[in-house]
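Asks: Contents are CSV, C-alpha atoms; file name start-v7.csv:
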chain,number,residue,atom,x,y,z
A,730,MET,CA,-31.5,-61.0,-132.7
A,731,SER,CA,-35.0,-59.4,-133.0
A,732,TYR,CA,-37.4,-60.5,-135.6
A,733,GLN,CA,-37.3,-57.0,-137.2
A,734,LYS,CA,-33.5,-57.2,-137.6
A,735,ARG,CA,-33.6,-60.7,-139.1
A,736,THR,CA,-36.2,-59.5,-141.6
A,737,ALA,CA,-34.1,-56.5,-142.5
A,738,LEU,CA,-31.0,-58.7,-143.1
A,739,ALA,CA,-33.0,-61.1,-145.3
A,740,LEU,CA,-34.3,-58.1,-147.3
A,741,ALA,CA,-30.8,-56.7,-147.7
A,742,ALA,CA,-29.5,-60.1,-149.0
A,743,ALA,CA,-32.4,-60.4,-151.4
A,744,VAL,CA,-31.8,-56.9,-152.8
A,745,ALA,CA,-28.0,-57.7,-153.1
A,746,GLY,CA,-28.9,-60.9,-155.0
A,747,SER,CA,-31.0,-58.9,-157.4
A,748,VAL,CA,-28.1,-56.4,-158.0
A,749,MET,CA,-25.7,-59.3,-158.7
A,750,LEU,CA,-28.2,-60.7,-161.2
A,751,ILE,CA,-28.5,-57.3,-162.9
A,752,ALA,CA,-24.7,-56.9,-163.1
A,753,ALA,CA,-24.1,-60.4,-164.6
A,754,PRO,CA,-21.3,-60.1,-167.1
A,755,ALA,CA,-22.0,-59.9,-170.9
A,756,ALA,CA,-20.7,-62.5,-173.3
A,757,HIS,CA,-17.1,-62.6,-174.5
A,758,ALA,CA,-15.5,-63.4,-177.9
A,759,SER,CA,-12.0,-64.7,-178.7
A,760,VAL,CA,-9.5,-62.9,-180.9
A,761,VAL,CA,-8.1,-65.7,-183.1
A,762,ASP,CA,-5.1,-65.6,-185.3
A,763,VAL,CA,-6.1,-66.7,-188.8
A,764,ASP,CA,-3.3,-67.7,-191.2
A,765,TYR,CA,-4.7,-66.9,-194.7
A,766,GLN,CA,-3.3,-68.3,-197.9
A,767,CYS,CA,-4.4,-66.1,-200.7
A,768,ARG,CA,-4.7,-66.9,-204.4
A,769,THR,CA,-4.1,-63.6,-206.2
A,770,PRO,CA,-3.9,-62.8,-210.0
A,771,ILE,CA,-0.1,-62.5,-209.6
A,772,GLY,CA,0.5,-65.6,-207.5
A,773,PRO,CA,0.1,-66.8,-203.9
A,774,LYS,CA,0.4,-64.5,-200.9
A,775,GLY,CA,-0.2,-65.1,-197.2
A,776,ALA,CA,-0.6,-63.3,-194.0
A,777,VAL,CA,-1.8,-63.8,-190.4
A,778,SER,CA,-4.5,-61.5,-189.1
A,779,PRO,CA,-6.1,-61.6,-185.7
A,780,ILE,CA,-9.8,-61.8,-186.2
A,781,ASP,CA,-12.8,-61.6,-183.8
A,782,ILE,CA,-16.5,-62.1,-184.4
A,783,LYS,CA,-19.0,-60.3,-182.3
A,784,ALA,CA,-22.8,-60.7,-182.1
A,785,VAL,CA,-25.5,-58.3,-181.1
A,786,LYS,CA,-29.1,-59.5,-180.6
A,787,SER,CA,-31.3,-58.2,-183.4
A,788,GLY,CA,-35.0,-59.3,-183.5
A,789,SER,CA,-35.1,-63.1,-183.8
A,790,GLY,CA,-31.4,-63.4,-184.7
A,791,TYR,CA,-28.0,-61.8,-184.3
A,792,GLN,CA,-26.1,-59.1,-186.2
A,793,LEU,CA,-22.6,-60.5,-186.7
A,794,THR,CA,-19.5,-58.4,-187.1
A,795,MET,CA,-16.2,-59.9,-188.3
A,796,SER,CA,-13.2,-57.7,-187.7
A,797,PHE,CA,-9.7,-57.9,-189.2
A,798,GLN,CA,-6.9,-56.4,-187.2
A,799,LYS,CA,-4.2,-56.7,-190.0
A,800,GLY,CA,-4.2,-56.7,-193.8
A,801,VAL,CA,-4.1,-60.1,-195.5
A,802,SER,CA,-3.1,-59.4,-199.1
A,803,SER,CA,-1.7,-56.6,-201.3
A,804,SER,CA,-2.0,-55.3,-204.8
A,805,PRO,CA,0.9,-54.6,-207.3
A,806,VAL,CA,-1.0,-51.5,-208.4
A,807,GLU,CA,-2.8,-48.8,-206.4
A,808,LEU,CA,-6.4,-49.5,-205.7
A,809,GLY,CA,-8.4,-46.2,-206.0
A,810,LYS,CA,-11.2,-45.2,-203.6
A,811,GLY,CA,-14.1,-47.7,-203.9
A,812,ALA,CA,-12.1,-50.2,-206.0
A,813,MET,CA,-12.0,-53.0,-203.5
A,814,ASN,CA,-15.0,-55.0,-202.2
A,815,PRO,CA,-14.6,-57.6,-199.5
A,816,SER,CA,-16.8,-60.4,-198.3
A,817,ALA,CA,-16.3,-63.6,-196.3
A,818,LEU,CA,-18.0,-66.7,-194.9
A,819,ILE,CA,-18.3,-67.5,-191.3
A,820,LYS,CA,-18.5,-71.3,-190.6
A,821,LEU,CA,-21.1,-72.5,-188.2
A,822,GLY,CA,-20.6,-75.4,-185.8
A,823,GLY,CA,-22.4,-77.1,-183.0
A,824,VAL,CA,-26.1,-77.1,-183.7
A,825,GLY,CA,-25.5,-74.5,-186.4
A,826,GLU,CA,-25.2,-75.7,-190.0
A,827,GLY,CA,-23.5,-74.3,-193.1
A,828,THR,CA,-22.1,-70.7,-193.3
A,829,VAL,CA,-23.1,-67.1,-192.8
A,830,SER,CA,-22.2,-64.6,-195.5
A,831,VAL,CA,-20.8,-61.3,-194.3
A,832,SER,CA,-19.8,-58.3,-196.4
A,833,GLY,CA,-18.5,-54.8,-195.9
A,834,PRO,CA,-18.1,-51.4,-197.7
A,835,ALA,CA,-15.6,-50.7,-200.4
A,836,ASN,CA,-12.4,-49.0,-199.4
A,837,SER,CA,-13.0,-45.4,-198.5
A,838,ALA,CA,-9.5,-44.2,-199.5
A,839,ALA,CA,-6.9,-45.3,-202.1
A,840,ILE,CA,-4.7,-48.2,-201.2
A,841,PRO,CA,-1.1,-47.8,-202.3
A,842,ALA,CA,0.6,-50.5,-204.3
A,843,ASN,CA,2.3,-53.3,-202.5
A,844,THR,CA,0.9,-52.4,-199.1
A,845,PRO,CA,-1.3,-54.6,-196.9
A,846,ILE,CA,-5.0,-54.4,-197.8
A,847,ARG,CA,-6.9,-53.6,-194.7
A,848,ILE,CA,-10.3,-55.1,-194.6
A,849,ASN,CA,-13.2,-53.1,-193.1
A,850,ASP,CA,-15.6,-54.8,-190.7
A,851,LEU,CA,-17.8,-57.3,-192.4
A,852,THR,CA,-21.4,-57.7,-191.2
A,853,GLY,CA,-24.2,-60.2,-191.7
A,854,LYS,CA,-27.3,-61.6,-190.0
A,855,TYR,CA,-27.6,-65.0,-188.3
A,856,THR,CA,-31.0,-66.5,-187.3
A,857,PRO,CA,-30.8,-69.7,-185.2
A,858,LYS,CA,-33.0,-72.6,-186.4
A,859,LYS,CA,-32.1,-75.1,-183.6
A,860,SER,CA,-31.6,-74.7,-179.9
A,861,GLY,CA,-28.2,-75.3,-178.4
A,862,LYS,CA,-24.6,-74.1,-178.7
A,863,VAL,CA,-23.4,-72.6,-182.0
A,864,THR,CA,-19.8,-71.8,-182.8
A,865,PHE,CA,-18.6,-69.2,-185.4
A,866,THR,CA,-15.3,-69.6,-187.1
A,867,ALA,CA,-13.5,-67.4,-189.7
A,868,GLY,CA,-13.9,-68.9,-193.2
A,869,VAL,CA,-12.9,-68.0,-196.8
A,870,LEU,CA,-12.3,-64.3,-197.5
A,871,THR,CA,-13.0,-62.9,-201.0
A,872,ILE,CA,-11.5,-59.7,-202.3
A,873,LYS,CA,-12.8,-58.3,-205.6
A,874,ALA,CA,-10.8,-55.4,-207.1
A,875,LEU,CA,-10.3,-54.0,-210.6
A,876,GLY,CA,-12.1,-56.9,-212.2
A,877,THR,CA,-10.1,-59.6,-210.4
A,878,THR,CA,-10.9,-61.9,-207.5
A,879,THR,CA,-8.6,-62.9,-204.7
A,880,THR,CA,-9.6,-65.8,-202.5
A,881,CYS,CA,-8.0,-66.3,-199.1
A,882,THR,CA,-8.5,-69.5,-197.2
A,883,PRO,CA,-7.5,-70.2,-193.6
A,884,ARG,CA,-4.8,-72.9,-193.5
A,885,ASN,CA,-4.2,-73.2,-189.8
A,886,ASN,CA,-7.6,-74.7,-188.8
A,887,PRO,CA,-8.5,-71.7,-186.6
A,888,LYS,CA,-10.5,-72.1,-183.5
A,889,PRO,CA,-14.0,-70.6,-183.2
A,890,SER,CA,-14.0,-66.9,-182.5
A,891,LEU,CA,-17.5,-67.0,-180.9
A,892,GLU,CA,-19.9,-69.3,-179.1
A,893,LEU,CA,-23.6,-68.7,-178.6
A,894,ASP,CA,-26.2,-70.6,-176.7
A,895,VAL,CA,-29.3,-70.0,-178.7
A,896,THR,CA,-32.9,-70.9,-178.8
A,897,GLY,CA,-34.3,-71.8,-182.2
A,898,ALA,CA,-37.0,-69.9,-184.1
A,899,SER,CA,-39.8,-72.0,-182.4
A,900,GLY,CA,-38.5,-71.0,-178.9
A,901,SER,CA,-38.0,-67.7,-177.2
A,902,GLY,CA,-34.9,-65.8,-176.2
A,903,SER,CA,-31.2,-66.4,-176.7
A,904,ARG,CA,-28.1,-66.1,-174.6
A,905,ALA,CA,-24.5,-65.5,-175.4
A,906,THR,CA,-21.7,-67.3,-173.5
A,907,PRO,CA,-18.0,-66.6,-173.5
A,908,SER,CA,-15.2,-68.3,-175.3
A,909,GLY,CA,-12.7,-65.8,-173.8
A,910,GLY,CA,-11.4,-62.4,-174.9
A,911,ASP,CA,-13.0,-59.1,-175.6
A,912,GLU,CA,-16.4,-58.3,-174.2
A,913,LEU,CA,-19.4,-58.3,-176.4
A,914,PRO,CA,-22.3,-55.9,-176.4
A,915,ARG,CA,-25.2,-57.0,-174.3
A,916,THR,CA,-27.5,-59.1,-176.4
A,917,GLY,CA,-30.9,-58.9,-174.8
A,918,PRO,CA,-31.3,-61.7,-172.2
A,919,LEU,CA,-29.7,-59.4,-169.7
A,920,ASP,CA,-32.6,-57.1,-170.3
A,921,SER,CA,-34.9,-59.9,-169.2
A,922,ALA,CA,-32.6,-60.6,-166.2
A,923,LEU,CA,-32.9,-56.9,-165.3
A,924,ALA,CA,-36.6,-57.0,-165.4
A,925,LEU,CA,-36.8,-60.3,-163.4
A,926,GLY,CA,-34.3,-58.9,-160.8
A,927,THR,CA,-36.2,-55.7,-160.4
A,928,LEU,CA,-39.5,-57.6,-160.1
A,929,GLY,CA,-38.0,-60.0,-157.6
A,930,GLY,CA,-36.7,-57.1,-155.5
A,931,THR,CA,-40.1,-55.4,-155.6
A,932,VAL,CA,-41.9,-58.5,-154.5
A,933,LEU,CA,-39.5,-59.1,-151.7
A,934,LEU,CA,-39.8,-55.5,-150.6
A,935,ALA,CA,-43.6,-55.6,-150.6
A,936,GLY,CA,-43.5,-59.0,-148.7
A,937,ALA,CA,-41.1,-57.7,-146.1
A,938,ALA,CA,-43.1,-54.6,-145.6
A,939,GLY,CA,-46.2,-56.7,-145.1
A,940,VAL,CA,-44.5,-58.8,-142.5
A,941,LEU,CA,-43.2,-55.8,-140.6
A,942,TRP,CA,-46.6,-54.2,-140.6
A,943,LEU,CA,-48.3,-57.3,-139.3
A,944,THR,CA,-45.6,-57.7,-136.6
A,945,ARG,CA,-46.0,-54.2,-135.4
A,946,ARG,CA,-49.8,-54.4,-135.5
A,947,GLY,CA,-49.6,-57.6,-133.4
A,948,GLN,CA,-47.4,-55.8,-130.9
A,949,ARG,CA,-49.8,-52.9,-130.6
A,950,THR,CA,-52.7,-55.3,-130.1
A,951,ALA,CA,-50.8,-57.2,-127.4
A,952,SER,CA,-50.0,-54.0,-125.5
As structure tokens, how would this structure be written, given the file I've shared?

Replies:
Amino acid sequence: MSYQKRTALALAAAVAGSVMLIAAPAAHASVVDVDYQCRTPIGPKGAVSPIDIKAVKSGSGYQLTMSFQKGVSSSPVELGKGAMNPSALIKLGGVGEGTVSVSGPANSAAIPANTPIRINDLTGKYTPKKSGKVTFTAGVLTIKALGTTTTCTPRNNPKPSLELDVTGASGSGSRATPSGGDELPRTGPLDSALALGTLGGTVLLAGAAGVLWLTRRGQRTAS
């Protein structure tokens, strides 16, 4: 095989490697069934809701979104528009400590009596302080409505819905890793990977072009 062909093949492999780097999969989150036991003004209620927690890179931290796929409690009377206000805690594990508070908007439409209360997406901000793996697990849910407070506590010891490999505030960059399930939005490090992959491809192209030019120049000289 000629030198030019070997160089072309090496160049093609390098470009393919850059494309694979650019196309690296984004992080994933798990949808976890959480068995809530709720203490309501009229007695205990319970329900299981699949919940996922997603993260999007935002500045030095992450914007967290906690989503409920089913209602977890109900009211004996109709809740008018704007009468119900939800909030929750997300428990941190790994190198993370404590909890993150998330909250959401009041109900945009009336909720009929004795029907499951659907919780809107709850959001909050998390900023890592230490470097390493952090887990995020559904914690206590609080529903305030008509001057009353309902507290719902997970009783099935749910698994984490999300894992993140993070760099603390003193470092630079963060990377999300999967715990299985639905794909998360790209968080930022892929942008860096894209830049590095593009730069690597450019450098390799320039280097290969130089080698080919020198080879051809040498051949002309020899002839």

Asks: Taking only residues of range 807-826 of chain A that have an atom at most 9 Å from an atom of range 865-880 of chain A, what is each one's shortest atom pair and its distance in Å to one decimal, using all atoms listed in the file, in chain and number order, as a Markdown table?

Replies:
| residue | atom | partner | partner_atom | distance |
| --- | --- | --- | --- | --- |
| A:Leu808 | CA | A:Ala874 | CA | 7.5 |
| A:Gly811 | CA | A:Ala874 | CA | 9.0 |
| A:Ala812 | CA | A:Ala874 | CA | 5.5 |
| A:Met813 | CA | A:Ala874 | CA | 4.5 |
| A:Asn814 | CA | A:Lys873 | CA | 5.2 |
| A:Pro815 | CA | A:Ile872 | CA | 4.7 |
| A:Ser816 | CA | A:Thr871 | CA | 5.3 |
| A:Ala817 | CA | A:Leu870 | CA | 4.2 |
| A:Leu818 | CA | A:Gly868 | CA | 5.0 |
| A:Ile819 | CA | A:Gly868 | CA | 5.0 |
| A:Lys820 | CA | A:Thr866 | CA | 5.0 |
| A:Leu821 | CA | A:Phe865 | CA | 5.0 |
| A:Gly822 | CA | A:Phe865 | CA | 6.5 |
| A:Gly825 | CA | A:Phe865 | CA | 8.8 |

Asks: One decimal, in Å: what's the spacing between CA of Ala839 in chain A and CA of Ser803 in chain A?

Replies: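 Interatomic distance here is 12.5 Å.
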
Asks: Could you tell me how far CA of Asp850 in chain A lies from CA of Asn886 in chain A, in Å and to one decimal?

Replies: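 Separation between CA of Asp850 in chain A and CA of Asn886 in chain A: 21.5 Å.
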
Asks: Could you state the separation of CA of Ser890 in chain A and CA of Pro773 in chain A in Å, given to one decimal place?

Replies: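 Pair CA of Ser890 in chain A / CA of Pro773 in chain A returns 25.6 Å.
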
Asks: Between A:Cys881, A:Ala898, A:Val806, A:Val863, single out the one closest to Val777 in chain A, counting only C-alpha atoms.

Replies: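 Of the candidates, the smallest distance to Val777 in chain A is held by A:Cys881.
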
Asks: Distance cut-off 12 Å, centre (-28.6, -59.4, -188.4) in file coordinates, counting only C-alpha atoms: which residues qualify? Return them as a list in words.

Replies: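 Applying the cut-off with only C-alpha atoms, one gets Lys783, Ala784, Val785, Lys786, Ser787, Gly788, Ser789, Gly790, Tyr791, Gln792, Leu793, Thr794, Val829, Ser830, Val831, Ser832, Leu851, Thr852, Gly853, Lys854, Tyr855, Thr856 and Pro857 of chain A.
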
Asks: With all atoms listed in the file as the counted atoms, please give the residues lying no more than 10 Å from Arg884 in chain A, apart from itself and same-chain residues fewer than 3 positions off, as a list in words.

Replies: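 The filter keeps Val763, Asp764, Tyr765, Gln766, Cys767, Gly775, Gly868, Cys881 and Pro887 of chain A.
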